[in-house]
$ cat structure05.txt   # compact mmCIF, C-alpha atoms
# COMPACT_ATOMS: atom_id res chain seq x y z
CA MET A 1 84.50 82.52 120.17
CA ALA A 2 86.27 79.64 121.70
CA THR A 3 86.45 79.25 125.46
CA GLY A 4 88.83 77.57 127.91
CA LEU A 5 90.38 74.62 126.20
CA ALA A 6 90.26 75.98 122.64
CA THR A 7 91.62 79.43 123.52
CA LYS A 8 94.49 78.13 125.62
CA ARG A 9 95.38 75.46 123.11
CA LEU A 10 95.39 77.92 120.18
CA MET A 11 97.48 80.45 122.12
CA LYS A 12 100.01 77.72 122.87
CA GLU A 13 100.13 76.65 119.22
CA LEU A 14 100.64 80.26 118.08
CA ALA A 15 103.38 80.80 120.66
CA GLU A 16 105.14 77.64 119.51
CA ILE A 17 104.95 78.72 115.86
CA LYS A 18 106.44 82.09 116.84
CA THR A 19 109.33 80.58 118.81
CA LYS A 20 110.07 77.40 116.86
CA GLY A 21 108.78 78.39 113.41
CA THR A 22 107.01 76.15 110.91
CA PRO A 23 108.41 73.28 108.83
CA PRO A 24 109.93 74.05 105.39
CA GLY A 25 107.31 74.94 102.78
CA ILE A 26 104.74 75.94 105.41
CA VAL A 27 104.21 79.58 106.43
CA LEU A 28 101.57 81.06 108.70
CA LEU A 29 100.19 83.83 106.46
CA ASN A 30 97.84 85.30 109.01
CA ALA A 31 95.71 84.60 112.02
CA VAL A 32 93.03 87.26 111.49
CA ALA A 33 91.22 85.89 114.51
CA LEU A 34 92.42 83.40 117.08
CA ASP A 35 90.01 80.88 115.57
CA GLN A 36 90.83 81.41 111.90
CA TRP A 37 94.31 80.94 110.46
CA VAL A 38 95.64 80.80 106.92
CA PHE A 39 98.84 78.94 106.02
CA LEU A 40 100.73 79.07 102.73
CA ILE A 41 101.78 75.62 101.60
CA SER A 42 104.24 74.68 98.90
CA VAL A 43 105.86 71.37 98.06
CA LEU A 44 109.65 71.50 98.04
CA GLY A 45 112.05 69.48 95.90
CA ASP A 46 112.29 68.57 92.20
CA GLU A 47 110.11 65.47 92.30
CA THR A 48 106.84 67.30 92.79
CA ILE A 49 104.24 68.11 90.16
CA TYR A 50 103.47 71.29 92.11
CA ALA A 51 106.87 72.95 91.68
CA GLY A 52 106.61 76.72 91.96
CA GLU A 53 102.99 76.64 93.13
CA THR A 54 101.75 77.98 96.45
CA PHE A 55 98.40 77.18 98.00
CA ALA A 56 96.54 78.80 100.86
CA LEU A 57 95.08 76.49 103.50
CA ARG A 58 92.50 77.96 105.85
CA LEU A 59 91.78 76.43 109.25
CA LYS A 60 88.71 77.45 111.22
CA PHE A 61 88.74 76.20 114.79
CA PRO A 62 85.46 75.27 116.48
CA ASN A 63 84.62 76.11 120.10
CA ARG A 64 85.45 72.59 121.15
CA TYR A 65 88.82 72.39 119.40
CA PRO A 66 90.88 70.21 119.72
CA ILE A 67 88.17 67.75 120.77
CA ASP A 68 86.37 68.66 117.54
CA SER A 69 88.36 68.84 114.33
CA PRO A 70 89.07 72.15 112.59
CA GLU A 71 87.30 73.05 109.36
CA VAL A 72 90.05 72.88 106.74
CA THR A 73 89.81 74.11 103.15
CA PHE A 74 92.13 75.34 100.44
CA LEU A 75 91.26 78.93 99.54
CA ALA A 76 89.58 79.37 96.18
CA ASP A 77 89.48 83.08 95.40
CA ALA A 78 90.96 85.68 93.06
CA GLU A 79 94.41 85.10 94.52
CA TYR A 80 94.57 81.37 95.24
CA ILE A 81 93.48 78.23 93.41
CA PRO A 82 93.14 74.90 95.26
CA PRO A 83 95.74 72.36 94.11
CA LEU A 84 94.72 70.05 91.27
CA HIS A 85 94.56 66.81 93.22
CA PRO A 86 92.21 63.78 93.15
CA HIS A 87 91.15 64.54 96.73
CA VAL A 88 90.75 68.32 96.45
CA TYR A 89 87.58 69.75 94.96
CA SER A 90 87.62 72.97 92.98
CA ASN A 91 85.82 74.78 95.82
CA GLY A 92 88.75 73.93 98.11
CA HIS A 93 87.10 71.09 100.01
CA ILE A 94 89.45 68.25 100.89
CA CYS A 95 88.66 64.58 101.27
CA ALA A 96 91.17 63.44 103.90
CA SER A 97 90.41 61.07 106.74
CA ILE A 98 92.33 62.99 109.42
CA LEU A 99 90.04 65.97 108.86
CA GLY A 100 87.03 63.80 109.61
CA ALA A 101 86.75 60.27 110.95
CA GLU A 102 90.43 59.94 111.84
CA TRP A 103 90.81 63.26 113.65
CA SER A 104 92.59 63.06 117.00
CA PRO A 105 92.80 65.82 119.64
CA VAL A 106 96.56 65.39 119.86
CA LEU A 107 96.86 66.71 116.30
CA ASN A 108 97.38 70.43 115.80
CA ALA A 109 97.37 73.07 113.07
CA VAL A 110 100.92 72.41 111.94
CA ALA A 111 100.30 68.65 111.84
CA VAL A 112 97.31 69.28 109.56
CA CYS A 113 99.50 71.41 107.28
CA ILE A 114 102.19 68.73 107.14
CA THR A 115 99.61 66.10 106.23
CA MET A 116 98.24 68.28 103.43
CA GLN A 117 101.75 69.00 102.18
CA SER A 118 102.65 65.31 102.04
CA MET A 119 99.32 64.50 100.38
CA LEU A 120 100.38 66.88 97.61
CA ALA A 121 103.96 65.64 97.59
CA SER A 122 102.96 62.03 96.94
CA ASN A 123 100.56 62.89 94.12
CA LYS A 124 101.49 62.08 90.52
CA LYS A 125 98.41 63.12 88.57
CA LYS A 126 96.97 66.61 88.42
CA GLU A 127 93.26 66.04 88.30
CA ARG A 128 90.09 66.89 90.18
CA PRO A 129 88.15 64.20 92.04
CA GLU A 130 85.54 62.22 90.15
CA GLY A 131 82.21 64.03 90.28
CA ASN A 132 83.85 67.37 91.14
CA ASP A 133 81.26 69.52 89.37
CA ARG A 134 78.34 67.66 90.88
CA TYR A 135 79.84 67.92 94.37
CA VAL A 136 80.73 71.59 94.09
CA ARG A 137 77.20 72.48 92.91
CA SER A 138 75.57 70.98 95.98
CA ALA A 139 78.33 71.15 98.62
CA PRO A 140 77.64 72.77 102.01
CA SER A 141 79.91 75.72 102.79
CA ASN A 142 81.37 73.78 105.72
CA PRO A 143 83.15 70.65 104.42
CA LYS A 144 82.66 68.97 107.80
CA LEU A 145 78.99 68.63 106.91
CA THR A 146 79.84 66.50 103.90
CA ARG A 147 79.68 62.77 104.36
CA TRP A 148 83.10 61.70 103.15
CA GLN A 149 84.10 58.26 101.99
CA TYR A 150 87.77 57.52 102.32
CA ASP A 151 88.37 54.88 99.72
CA ASP A 152 91.81 55.58 98.35
CA ASP A 153 94.96 55.35 100.45
CA THR A 154 97.40 55.71 97.61
CA VAL A 155 97.63 59.51 97.42
CA MET B 156 125.21 74.74 172.92
CA LYS B 157 121.59 73.75 173.17
CA VAL B 158 118.91 74.72 170.72
CA THR B 159 115.26 74.62 171.49
CA VAL B 160 112.98 74.45 168.47
CA LEU B 161 109.90 76.45 169.25
CA SER B 162 108.05 75.77 166.04
CA PHE B 163 108.63 74.87 162.41
CA ASN B 164 106.73 75.09 159.13
CA ALA B 165 106.87 72.03 156.93
CA VAL B 166 106.86 72.64 153.19
CA ALA B 167 106.20 69.92 150.64
CA ALA B 168 105.92 69.79 146.90
CA TRP B 169 104.07 67.22 144.87
CA LYS B 170 104.27 66.05 141.29
CA TRP B 171 102.21 63.59 139.31
CA ASN B 172 104.09 60.40 138.69
CA ALA B 173 103.58 60.96 135.00
CA SER B 174 106.96 60.30 133.51
CA THR B 175 108.51 57.65 135.71
CA GLU B 176 106.03 54.84 135.15
CA PRO B 177 106.00 54.89 131.36
CA HIS B 178 109.66 55.74 131.57
CA GLN B 179 110.42 52.53 133.45
CA LEU B 180 108.21 50.52 131.16
CA TYR B 181 109.83 52.08 128.14
CA ALA B 182 113.28 51.52 129.55
CA TYR B 183 112.42 47.90 130.27
CA ALA B 184 110.96 47.34 126.82
CA SER B 185 113.83 49.00 125.03
CA ARG B 186 116.54 47.26 127.00
CA GLY B 187 119.20 46.24 124.53
CA PRO B 188 120.59 42.70 124.15
CA ASP B 189 123.31 43.53 126.64
CA GLY B 190 120.73 44.48 129.25
CA GLN B 191 121.68 48.14 129.08
CA ILE B 192 118.87 50.60 129.56
CA GLU B 193 118.98 53.24 126.87
CA GLU B 194 118.83 56.92 127.66
CA TYR B 195 115.35 58.19 127.16
CA ASP B 196 114.39 61.75 126.45
CA ASP B 197 111.14 62.48 128.20
CA ASP B 198 110.97 66.20 127.49
CA ASP B 199 107.75 65.87 125.56
CA GLU B 200 106.02 63.77 128.16
CA GLU B 201 105.35 66.52 130.63
CA VAL B 202 102.32 67.98 128.87
CA CYS B 203 98.88 66.60 128.19
CA GLY B 204 98.68 65.88 124.46
CA ILE B 205 95.13 67.19 124.27
CA CYS B 206 95.37 70.62 125.96
CA GLN B 207 99.19 70.94 125.75
CA SER B 208 99.24 72.16 129.36
CA ALA B 209 101.66 70.68 131.86
CA PHE B 210 100.43 67.69 133.85
CA GLU B 211 101.28 69.61 137.01
CA SER B 212 98.95 72.42 136.06
CA THR B 213 95.25 71.84 135.58
CA CYS B 214 93.25 71.10 132.48
CA PRO B 215 92.05 74.40 130.95
CA GLU B 216 88.68 74.17 132.70
CA CYS B 217 89.99 73.79 136.25
CA LYS B 218 91.55 76.23 138.70
CA VAL B 219 93.20 74.05 141.33
CA PRO B 220 95.68 71.34 140.42
CA GLY B 221 95.77 68.06 142.32
CA ASP B 222 93.06 65.58 143.15
CA ASP B 223 90.32 67.75 141.67
CA CYS B 224 91.94 67.65 138.26
CA PRO B 225 93.70 64.29 138.17
CA LEU B 226 95.54 62.49 135.44
CA ILE B 227 94.34 59.31 133.81
CA TRP B 228 96.66 56.48 132.76
CA GLY B 229 95.82 54.26 129.83
CA GLU B 230 96.71 50.60 129.39
CA CYS B 231 98.59 51.80 126.32
CA SER B 232 100.79 53.88 128.71
CA HIS B 233 99.52 57.23 127.44
CA ILE B 234 98.57 59.84 130.02
CA PHE B 235 96.17 62.78 129.85
CA HIS B 236 94.35 65.13 132.18
CA MET B 237 91.30 63.07 133.05
CA HIS B 238 88.95 65.92 132.12
CA CYS B 239 90.58 66.36 128.71
CA LEU B 240 90.39 62.66 127.91
CA LEU B 241 86.78 62.32 129.08
CA LYS B 242 85.75 65.19 126.80
CA TRP B 243 87.25 63.27 123.92
CA LEU B 244 85.74 59.91 124.89
CA GLU B 245 82.31 61.56 125.18
CA THR B 246 82.37 62.31 121.46
CA GLU B 247 81.16 59.80 118.95
CA SER B 248 84.16 60.43 116.72
CA SER B 249 86.54 59.21 119.44
CA LYS B 250 85.29 55.64 118.86
CA GLN B 251 86.57 55.16 122.45
CA GLN B 252 90.13 55.19 121.19
CA CYS B 253 93.30 56.62 122.69
CA PRO B 254 94.12 59.90 120.89
CA MET B 255 97.77 58.91 120.63
CA ASP B 256 97.65 55.44 119.14
CA ARG B 257 93.96 54.90 118.31
CA ARG B 258 93.94 51.70 120.33
CA SER B 259 90.79 51.00 122.26
CA TRP B 260 91.03 53.07 125.45
CA GLY B 261 91.33 51.15 128.69
CA GLU B 262 92.22 52.73 132.00
CA CYS B 263 95.24 51.32 133.69
CA SER B 264 94.41 50.19 137.22
CA SER B 265 96.79 51.02 140.05
CA GLN B 266 97.88 47.39 140.41
CA GLN B 267 99.01 47.26 136.82
CA MET B 268 101.12 50.32 137.41
CA GLU B 269 102.99 49.05 140.42

$ encode --input "structure05.txt" --output "structure tokens"
Amino acid sequence: MATGLATKRLMKELAEIKTKGTPPGIVLLNAVALDQWVFLISVLGDETIYAGETFALRLKFPNRYPIDSPEVTFLADAEYIPPLHPHVYSNGHICASILGAEWSPVLNAVAVCITMQSMLASNKKKERPEGNDRYVRSAPSNPKLTRWQYDDDTV
Amino acid sequence: MKVTVLSFNAVAAWKWNASTEPHQLYAYASRGPDGQIEEYDDDDEEVCGICQSAFESTCPECKVPGDDCPLIWGECSHIFHMHCLLKWLETESSKQQCPMDRRSWGECSSQQME
């Protein structure tokens, strides 16, 4: 389990969520362990193609968090289905630059949730990424081990 | 009446100059056309953005605040615990960029800060 920096940082983030709450449409479902949290994310408003849908976003924090980025996936299980989005694979893996090359240690769990929420909010077409089936067949369980290419800034 | 002081204990407190320098720079930069300096809320500037601990306390790996766990000032005006920032800059993914603005990190020398 995480030491020093990661533990203190995660405790502070949890305390802040408890006192200040989370932004609208984002709920901390559980933190089964200090290093593994699940948030429920929904997109609010009438404009969205995800009206009425709720997704579960799991964050696993590495020992060197926040220097190293968290491992972030949408849950794909009996209860939750990852959102149909051109950057979200059916196994829940997400292609988003801030989860990889553009990660910064001043980001935190809630900031990741907000980014995912706005990625959904700006989307107009419900579809899986190109090559979804091929990717899902061979994907590592940890999406951070995938070599992502960020080639689309529009959604 | 005459008082003779036999002894005294001096007490001092210290604080990193973490908010005043960027504060002055900010105030200078944001000076309106009439030369008025706008009020600036620096509530969020008292903690290191990486560990979220106060500048006056240590980074999470240290026990004693002060010179052994100093702050580091960037040319971009962002401030961190030195130990926190170095951990970040040691990683390949940092690309030697400031975590706040992703500009190339350069340490601000003391002359530049005066």

$ interface_residues --input "structure05.txt" --of "chain A" --to "chain B" --cutoff "6 Å" --atoms "all atoms listed in the file" --output "PyMOL selection string"
chain A and resi 4-5+9+67+104-106

$ residues_around --input "structure05.txt" --residues "stretch 56-62 of chain A" --least-positions-apart "6" --cutoff "7 Å" --atoms "only C-alpha atoms" --output "VMD selection string"
chain A and resid 2 35 to 41 68 70 to 75 80

$ closest_residue --input "structure05.txt" --among "B:Ala209, B:Met156, B:Ala167, B:Cys231" --to "B:Arg258" --atoms "all atoms listed in the file"
B:Cys231

$ atom_distance --input "structure05.txt" --atom1 "atom CA of A:Asn123" --atom2 "atom CA of A:Asp152"
12.2 Å

$ atom_distance --input "structure05.txt" --atom1 "atom CA of A:Ala6" --atom2 "atom CA of B:Gln251"
21.1 Å

$ residues_around --input "structure05.txt" --residues "stretch 210-212 of chain B" --least-positions-apart "6" --cutoff "8 Å" --atoms "all atoms listed in the file" --output "PDB file with C-alpha atoms, in the frame of the given file"
ATOM      1  CA  LYS B 170     104.270  66.050 141.290  1.00  0.00           C
ATOM      2  CA  TRP B 171     102.210  63.590 139.310  1.00  0.00           C
ATOM      3  CA  ALA B 173     103.580  60.960 135.000  1.00  0.00           C
ATOM      4  CA  GLU B 201     105.350  66.520 130.630  1.00  0.00           C
ATOM      5  CA  VAL B 202     102.320  67.980 128.870  1.00  0.00           C
ATOM      6  CA  CYS B 203      98.880  66.600 128.190  1.00  0.00           C
ATOM      7  CA  VAL B 219      93.200  74.050 141.330  1.00  0.00           C
ATOM      8  CA  PRO B 220      95.680  71.340 140.420  1.00  0.00           C
ATOM      9  CA  GLY B 221      95.770  68.060 142.320  1.00  0.00           C
ATOM     10  CA  LEU B 226      95.540  62.490 135.440  1.00  0.00           C
ATOM     11  CA  PHE B 235      96.170  62.780 129.850  1.00  0.00           C
ATOM     12  CA  HIS B 236      94.350  65.130 132.180  1.00  0.00           C
TER      13      HIS B 236
END

$ atom_distance --input "structure05.txt" --atom1 "atom CA of A:Leu28" --atom2 "atom CA of A:Val110"
9.3 Å

$ closest_residue --input "structure05.txt" --among "A:Ser42, A:Pro86, A:Thr22, A:Thr115" --to "A:Ile98" --atoms "only C-alpha atoms"
A:Thr115

$ closest_residue --input "structure05.txt" --among "A:Trp148, A:Tyr89, A:Tyr135, A:Tyr50" --to "A:Glu102" --atoms "all atoms listed in the file"
A:Trp148

$ residues_around --input "structure05.txt" --residues "A:Ser97" --least-positions-apart "4" --cutoff "10 Å" --atoms "all atoms listed in the file" --output "PyMOL selection string"
chain A and resi 101-103+148-151+153

$ write_last_selection --input "structure05.txt" --atoms "C-alpha atoms" --output "tab-separated table (two decimals), in the frame of the given file"
chain	number	residue	atom	x	y	z
A	101	ALA	CA	86.75	60.27	110.95
A	102	GLU	CA	90.43	59.94	111.84
A	103	TRP	CA	90.81	63.26	113.65
A	148	TRP	CA	83.10	61.70	103.15
A	149	GLN	CA	84.10	58.26	101.99
A	150	TYR	CA	87.77	57.52	102.32
A	151	ASP	CA	88.37	54.88	99.72
A	153	ASP	CA	94.96	55.35	100.45
